[in-house]
Amino acid sequence: MFGDYSLGDLGSIFAMQGFAGLILFSVYVLMALGLAIIFGQMGVINMAHGEFMILGAYVTYFCSEFFSAYLPSLFPGYFFVAMALAFLASGSLGMLVEWALIKRLYKRPLDTLLATWGLSLILQQTYRSVFGPREVGVVLPDWLLGSLPVTDTIEVPINGVFVMCLTALITIAVGLLMYKARWGRQVRAVVQNRVMAGAVGIDTERVDRMTFGLGCGIAGVAGSAFTMIGSTGPTSGQLYIVDTFLIVVFGGAASLFGTIASAFSISQTQSTLEFFLSGSMAKVITLLTVVAILMLRPQGLFTLKVRR
Amino acid sequence: MKRAPSFMDLKDLIAVGLLAIILIVVFPALLDGFRLNLVAKYLTYAFVAVGLVLCWGLGGILSLGQGVFFALGGYGMAMYLKLEASSVENTKIQSTPGIPDFMDWNQITELPYFWQPFHSLPLTILLIILIPALFGFVIGSAMFKRRVSGVYFAIITQALAAIATILIIGQQGYTGGVNGITDLRTLHGWDIRTDSAKFILYFVNAILLLCIVGFAMYVRDSKLGRILVAMRDKEDRVRFSGYSVANFQIFVFCLAGVFAAIGGAMFTLNVGFMSPSLVGIVPSIEMVIFTAVGGRLSILGAVYGTLAVNFAKTSLSESFPELWLLGLGGLFIAVVLVFPNGLAGIWRDYVQPHIDRALKLNSKDPTDPAANVAKQAAAASPAE
């Protein structure tokens, strides 16, 4: 498998594939962060998470169309507006769903799984009817095109670097929100002991709704970032949902750091293997390894020690 | 409790008899060959749904990977049929005669070792039962011994379904890839493509399903079935009473897997091909919805639920293809929020009392262990 390459080539291959893996890692992290908040903190299985992401992607697409048609002078900066709108759109849809559906199912986690799967089918069909079945791609502003040469054999695309920086910023923001801000303390209090949290005056229903909304909003931002590296169709979200759930479970639900670590290891393994094997076998081997490790260590890589 | 549930009491007997009449007399009398073959296809899904009633409804283990078991059975049967169809005379235009056509297209010159056992019909039938049981045992013992359950189990089985699809599609030379194994002709020399063969296969399928239903009822009404229910509701108490919870979970998971595999094998025989489109995440979770619509605690409900959902799917997607996904999605939500006990619950709450009154067959005893639990579940869930 390594025989035909010289040592220098191998180094470049690993660096390039490693970078491709980092872009995959960014999307995984953004998807998984939202899911880890919803699943890890609330215990709700949101199978429609991919569709919230795709909503963000569609919002970004329409923003890029809008800016190129009416505000071409501001086009280079459209992405930031799109991201904010994507967050708002997915977040408010998430809060609506929490109010209409999830709220009634907190005691039945397996049923949330089925209900949100139904929701994902409805959303997919809605996207197909409203936006059309074809995949759409955004036009990137000039400053995001091209690549940065690092050495003679290694080049990194600028949009990839941008997505990674974005991911890092969002991750830090979520980390601060969860572990430093008052709101994060409330969320963690509700997770650890709902009754006591209520007794000390935390509005647990409101915290639930905000948490779900935040998770979905981050998914929307993930969709926004996703448009820079791939095209969007009504069923694009479904492709990522199983991987993302595995990442969250593998990292140990309720641990944000674990989620990031597992997203990193899974995406790096996959993209490195992809160079040497066919794409499908790389994916099979990666997923099988994760499942095998989960069978030996079902609690995931990192666990939060909480008395339930 | 007035009386312990007994296997096949009068009520069960009447209900199973009614299903038998519908399947064996009414459908063949009313439907033409094409529709009857469609029903046969639906009934193969009902095997999976019945298995899920035991595994999910009674045992509380939601498996989202039943498509994998369906595939193990279906591909097993398809491999046997394909080998029979790929005799040296039939395939003499290939560069390597005597191997399946898709292998030849993929430059494979020798039959892979794992295809070899499927030359023999008895061995194939044995493997259709044994491989899923073994697979279920490996997965189950790895997971249940470590007390993985509920949501985690569901996600991991779903990942398995995803892996199986990617693997089957990726290994085109060994599995037929995305097209699956097609162009199947004879079963031990008997042409399965003719109308009369399809007719006979329908009956084989229906009778086999009735046997499985009977067996599932036997399991439900045995001591094992009651332990399963106890385990689902208070796992720790069962463990503290000295039962090995994991072993019961492994058993019921394997049993559901074997049911699904039998369904898969019958699918291949009735429909005439096997492809990865029946394996992955989407078909696996659709099989769960068949069970949920029928009523996750009712074995007969699972059969009716499967038929109802599939009839709806066929008629809706024939006339309004866009509506089907919306309808299916709505069904998922409705079955969770509005009627968690499915068709069986509706029947028990709204139809059964009238029939009982009319027939003065007023047996007040709570014979159905499922009914009790279902009532509790209904009382506990949406009202809060």
# chains A, B, ... in the order shown; residues from 1 in each chain; ligands from 1
>>> select_by_dssp(residues="segment 75-241 of chain A", states="strand (DSSP E)", output="list in words")
Ser147, Leu148, Pro149, Glu155, Val156 and Pro157 of chain A
>>> select_by_dssp(residues="segment 13-178 of chain A", states="alpha helix (DSSP H)", output="JSON, numbers by chain")
{"A": [13, 14, 15, 16, 17, 18, 19, 20, 21, 22, 23, 24, 25, 26, 27, 28, 29, 30, 31, 32, 33, 34, 35, 42, 49, 50, 51, 52, 53, 54, 55, 56, 57, 58, 59, 60, 61, 62, 63, 64, 65, 66, 67, 68, 69, 70, 78, 79, 80, 81, 82, 83, 84, 85, 86, 87, 88, 89, 90, 91, 92, 93, 94, 95, 96, 97, 98, 99, 100, 109, 110, 111, 112, 113, 114, 115, 116, 117, 118, 119, 120, 121, 122, 123, 124, 125, 126, 127, 128, 129, 130, 131, 158, 159, 160, 161, 162, 163, 164, 165, 166, 167, 168, 169, 170, 171, 172, 173, 174, 175, 176, 177, 178]}
>>> interface_residues(of="chain B", to="chain A", cutoff="6 Å", atoms="only C-alpha atoms", output="PyMOL selection string")
chain B and resi 142-143+163+170+325-326+329+332-333
>>> residues_around(residues="segment 31-35 of chain B", least_positions_apart="2", cutoff="12 Å", atoms="only C-alpha atoms", output="list in words")
Ile22, Leu23, Ile24, Val25, Val26, Phe27, Pro28, Ala29, Asn37, Leu38, Val39, Ala40, Lys41, Tyr42, Thr194, Asp195, Ser196, Ala197, Lys198, Phe199, Ile200, Leu201, Tyr202, Asn270, Val271, Asn310, Phe311, Thr314 and Ser315 of chain B
>>> residues_around(residues="Ala292 of chain B", least_positions_apart="3", cutoff="7 Å", atoms="only C-alpha atoms", output="PyMOL selection string")
chain B and resi 288-289+295-296+335+342
>>> write_last_selection(atoms="C-alpha atoms", output="PDB file, in the first residue's frame")
ATOM      1  CA  VAL B 288     -39.883  -0.038  12.373  1.00  0.00           C
ATOM      2  CA  ILE B 289     -42.752   2.170  11.262  1.00  0.00           C
ATOM      3  CA  GLY B 295     -49.089  -1.356  17.371  1.00  0.00           C
ATOM      4  CA  ARG B 296     -45.700  -2.141  18.752  1.00  0.00           C
ATOM      5  CA  VAL B 335     -47.878   7.186  15.580  1.00  0.00           C
ATOM      6  CA  GLY B 342     -51.087   1.839  16.622  1.00  0.00           C
TER       7      GLY B 342
END
>>> residues_around(residues="Ala261 of chain A", least_positions_apart="3", cutoff="12 Å", atoms="only C-alpha atoms", output="PyMOL selection string")
chain A and resi 25-26+28-29+32-33+247-252+255-258+264-268+300-302
>>> write_last_selection(atoms="C-alpha atoms", output="PDB file, in the first residue's frame")
ATOM      1  CA  PHE A  25     -13.478  17.601  10.354  1.00  0.00           C
ATOM      2  CA  SER A  26     -14.785  21.183  10.362  1.00  0.00           C
ATOM      3  CA  TYR A  28     -18.346  17.202  11.256  1.00  0.00           C
ATOM      4  CA  VAL A  29     -17.539  19.384  14.254  1.00  0.00           C
ATOM      5  CA  ALA A  32     -21.756  17.319  15.851  1.00  0.00           C
ATOM      6  CA  LEU A  33     -21.588  20.363  18.151  1.00  0.00           C
ATOM      7  CA  ILE A 247     -19.155  10.953  16.300  1.00  0.00           C
ATOM      8  CA  VAL A 248     -21.231  12.171  19.220  1.00  0.00           C
ATOM      9  CA  VAL A 249     -21.602   8.697  20.695  1.00  0.00           C
ATOM     10  CA  PHE A 250     -17.946   7.870  20.066  1.00  0.00           C
ATOM     11  CA  GLY A 251     -16.796  11.036  21.761  1.00  0.00           C
ATOM     12  CA  GLY A 252     -18.983  10.332  24.745  1.00  0.00           C
ATOM     13  CA  SER A 255     -18.669  15.931  26.478  1.00  0.00           C
ATOM     14  CA  LEU A 256     -17.971  18.716  24.006  1.00  0.00           C
ATOM     15  CA  PHE A 257     -14.259  18.025  24.072  1.00  0.00           C
ATOM     16  CA  GLY A 258     -14.897  14.357  23.343  1.00  0.00           C
ATOM     17  CA  PHE A 264     -10.981  14.745  14.476  1.00  0.00           C
ATOM     18  CA  SER A 265      -9.956  11.101  14.672  1.00  0.00           C
ATOM     19  CA  ILE A 266     -12.800   9.879  12.460  1.00  0.00           C
ATOM     20  CA  SER A 267     -12.338  12.488   9.741  1.00  0.00           C
ATOM     21  CA  GLN A 268      -8.554  12.065   9.675  1.00  0.00           C
ATOM     22  CA  GLY A 300     -17.365   6.612  24.403  1.00  0.00           C
ATOM     23  CA  LEU A 301     -13.928   8.190  24.598  1.00  0.00           C
ATOM     24  CA  PHE A 302     -14.607  10.813  27.212  1.00  0.00           C
TER      25      PHE A 302
END
>>> closest_atom_pairs(of="segment 37-61 of chain B", to="segment 205-229 of chain B", cutoff="8 Å", atoms="only C-alpha atoms", output="tab-separated table")
residue	atom	partner	partner_atom	distance
B:Ala40	CA	B:Asn205	CA	6.9
B:Leu43	CA	B:Ala206	CA	7.2
B:Thr44	CA	B:Asn205	CA	7.4
B:Ala46	CA	B:Leu209	CA	7.7
B:Phe47	CA	B:Leu209	CA	6.5
B:Val50	CA	B:Val213	CA	7.0
B:Gly51	CA	B:Ala216	CA	7.7
B:Leu54	CA	B:Ala216	CA	7.2
B:Leu58	CA	B:Val229	CA	5.1
B:Gly59	CA	B:Leu228	CA	4.8
B:Gly60	CA	B:Val229	CA	7.8
>>> write_last_selection(atoms="C-alpha atoms", output="mmCIF file, in the first residue's frame")
data_model
loop_
_atom_site.group_PDB
_atom_site.id
_atom_site.type_symbol
_atom_site.label_atom_id
_atom_site.label_comp_id
_atom_site.auth_asym_id
_atom_site.auth_seq_id
_atom_site.Cartn_x
_atom_site.Cartn_y
_atom_site.Cartn_z
ATOM 1 C CA ALA B 40 -46.443 -11.335 -1.113
ATOM 2 C CA LEU B 43 -45.848 -10.014 3.722
ATOM 3 C CA THR B 44 -42.100 -10.602 3.583
ATOM 4 C CA ALA B 46 -44.212 -8.492 7.955
ATOM 5 C CA PHE B 47 -41.686 -11.124 9.074
ATOM 6 C CA VAL B 50 -43.262 -9.468 13.830
ATOM 7 C CA GLY B 51 -39.658 -9.837 14.950
ATOM 8 C CA LEU B 54 -40.815 -9.170 20.184
ATOM 9 C CA LEU B 58 -41.879 -6.547 24.358
ATOM 10 C CA GLY B 59 -38.132 -6.363 24.937
ATOM 11 C CA GLY B 60 -37.704 -2.613 24.598
#
>>> closest_atom_pairs(of="segment 77-137 of chain A", to="segment 63-73 of chain A", cutoff="12 Å", atoms="only C-alpha atoms", output="tab-separated table")
residue	atom	partner	partner_atom	distance
A:Gly77	CA	A:Ser73	CA	9.0
A:Tyr78	CA	A:Ser64	CA	6.4
A:Phe79	CA	A:Ser64	CA	7.5
A:Phe80	CA	A:Cys63	CA	9.9
A:Val81	CA	A:Cys63	CA	7.8
A:Ala82	CA	A:Cys63	CA	5.7
A:Met83	CA	A:Cys63	CA	9.3
A:Ala84	CA	A:Cys63	CA	10.7
A:Leu85	CA	A:Cys63	CA	8.7
A:Ala86	CA	A:Cys63	CA	9.6
A:Val136	CA	A:Glu65	CA	11.0
A:Gly137	CA	A:Ser64	CA	9.7
>>> residues_around(residues="segment 145-148 of chain B", least_positions_apart="3", cutoff="12 Å", atoms="only C-alpha atoms", output="ChimeraX atom specification")
/A:249,294-300 /B:61-62,137-142,151-157,235-236,239,244-250
>>> closest_residue(among="B:Ile131, B:Ala265, B:Ile346, B:Ile14", to="Gly73 of chain B", atoms="only C-alpha atoms")
B:Ala265
>>> residues_around(residues="Gly67 of chain B", least_positions_apart="2", cutoff="10 Å", atoms="only C-alpha atoms", output="PyMOL selection string")
chain B and resi 45+48+63-65+69-74+157-158+160-162+164-165+257+260-261+264+276-287
>>> decode(residues="segment 82-154 of chain B", atoms="C-alpha atoms", output="mmCIF file, in the first residue's frame")
data_model
loop_
_atom_site.group_PDB
_atom_site.id
_atom_site.type_symbol
_atom_site.label_atom_id
_atom_site.label_comp_id
_atom_site.auth_asym_id
_atom_site.auth_seq_id
_atom_site.Cartn_x
_atom_site.Cartn_y
_atom_site.Cartn_z
ATOM 1 C CA LYS B 82 -27.838 -16.904 -8.903
ATOM 2 C CA LEU B 83 -25.415 -19.796 -8.814
ATOM 3 C CA GLU B 84 -28.111 -22.057 -10.193
ATOM 4 C CA ALA B 85 -28.858 -19.511 -12.936
ATOM 5 C CA SER B 86 -25.151 -19.218 -13.761
ATOM 6 C CA SER B 87 -24.530 -22.780 -14.834
ATOM 7 C CA VAL B 88 -21.758 -23.308 -17.347
ATOM 8 C CA GLU B 89 -24.233 -23.710 -20.247
ATOM 9 C CA ASN B 90 -26.101 -20.513 -19.364
ATOM 10 C CA THR B 91 -22.949 -18.423 -19.075
ATOM 11 C CA LYS B 92 -20.789 -19.829 -21.867
ATOM 12 C CA ILE B 93 -20.476 -16.428 -23.575
ATOM 13 C CA GLN B 94 -18.619 -15.066 -20.527
ATOM 14 C CA SER B 95 -14.860 -15.036 -20.338
ATOM 15 C CA THR B 96 -15.129 -17.275 -17.288
ATOM 16 C CA PRO B 97 -18.192 -19.505 -17.664
ATOM 17 C CA GLY B 98 -19.923 -20.806 -14.570
ATOM 18 C CA ILE B 99 -19.702 -17.707 -12.375
ATOM 19 C CA PRO B 100 -22.406 -15.051 -11.942
ATOM 20 C CA ASP B 101 -22.508 -12.477 -14.738
ATOM 21 C CA PHE B 102 -21.683 -9.441 -12.549
ATOM 22 C CA MET B 103 -18.487 -11.152 -11.351
ATOM 23 C CA ASP B 104 -17.461 -11.646 -14.945
ATOM 24 C CA TRP B 105 -18.119 -7.963 -15.674
ATOM 25 C CA ASN B 106 -15.868 -7.071 -12.752
ATOM 26 C CA GLN B 107 -12.956 -9.200 -14.001
ATOM 27 C CA ILE B 108 -13.294 -11.801 -11.299
ATOM 28 C CA THR B 109 -12.252 -15.173 -12.620
ATOM 29 C CA GLU B 110 -12.972 -17.466 -9.727
ATOM 30 C CA LEU B 111 -15.967 -17.929 -7.442
ATOM 31 C CA PRO B 112 -15.085 -16.367 -4.060
ATOM 32 C CA TYR B 113 -14.892 -18.835 -1.156
ATOM 33 C CA PHE B 114 -17.918 -17.408 0.657
ATOM 34 C CA TRP B 115 -20.088 -18.136 -2.363
ATOM 35 C CA GLN B 116 -19.125 -21.821 -2.402
ATOM 36 C CA PRO B 117 -21.573 -23.102 0.283
ATOM 37 C CA PHE B 118 -24.490 -21.635 -1.637
ATOM 38 C CA HIS B 119 -24.246 -24.315 -4.309
ATOM 39 C CA SER B 120 -26.363 -26.577 -2.108
ATOM 40 C CA LEU B 121 -29.981 -25.825 -1.223
ATOM 41 C CA PRO B 122 -30.076 -27.476 2.246
ATOM 42 C CA LEU B 123 -26.867 -25.714 3.206
ATOM 43 C CA THR B 124 -28.285 -22.414 1.926
ATOM 44 C CA ILE B 125 -31.416 -22.781 4.026
ATOM 45 C CA LEU B 126 -29.315 -23.673 7.038
ATOM 46 C CA LEU B 127 -27.067 -20.654 6.497
ATOM 47 C CA ILE B 128 -30.054 -18.334 6.077
ATOM 48 C CA ILE B 129 -30.987 -19.231 9.652
ATOM 49 C CA LEU B 130 -27.513 -19.630 11.123
ATOM 50 C CA ILE B 131 -25.664 -16.579 9.811
ATOM 51 C CA PRO B 132 -28.188 -14.018 11.106
ATOM 52 C CA ALA B 133 -28.389 -15.859 14.413
ATOM 53 C CA LEU B 134 -24.624 -15.815 14.718
ATOM 54 C CA PHE B 135 -24.408 -12.179 13.647
ATOM 55 C CA GLY B 136 -27.111 -11.221 16.119
ATOM 56 C CA PHE B 137 -25.306 -13.178 18.802
ATOM 57 C CA VAL B 138 -21.996 -11.422 18.189
ATOM 58 C CA ILE B 139 -23.540 -7.949 18.083
ATOM 59 C CA GLY B 140 -25.905 -8.695 20.941
ATOM 60 C CA SER B 141 -23.344 -10.213 23.260
ATOM 61 C CA ALA B 142 -20.891 -7.391 22.610
ATOM 62 C CA MET B 143 -23.527 -4.786 23.384
ATOM 63 C CA PHE B 144 -25.895 -6.227 25.943
ATOM 64 C CA LYS B 145 -23.175 -7.726 28.147
ATOM 65 C CA ARG B 146 -21.878 -4.183 28.514
ATOM 66 C CA ARG B 147 -25.371 -2.970 29.228
ATOM 67 C CA VAL B 148 -25.654 -0.869 26.114
ATOM 68 C CA SER B 149 -29.303 -0.312 25.473
ATOM 69 C CA GLY B 150 -31.937 2.097 24.328
ATOM 70 C CA VAL B 151 -30.771 4.975 22.234
ATOM 71 C CA TYR B 152 -27.147 3.866 21.957
ATOM 72 C CA PHE B 153 -28.137 0.471 20.670
ATOM 73 C CA ALA B 154 -30.441 2.074 18.116
#
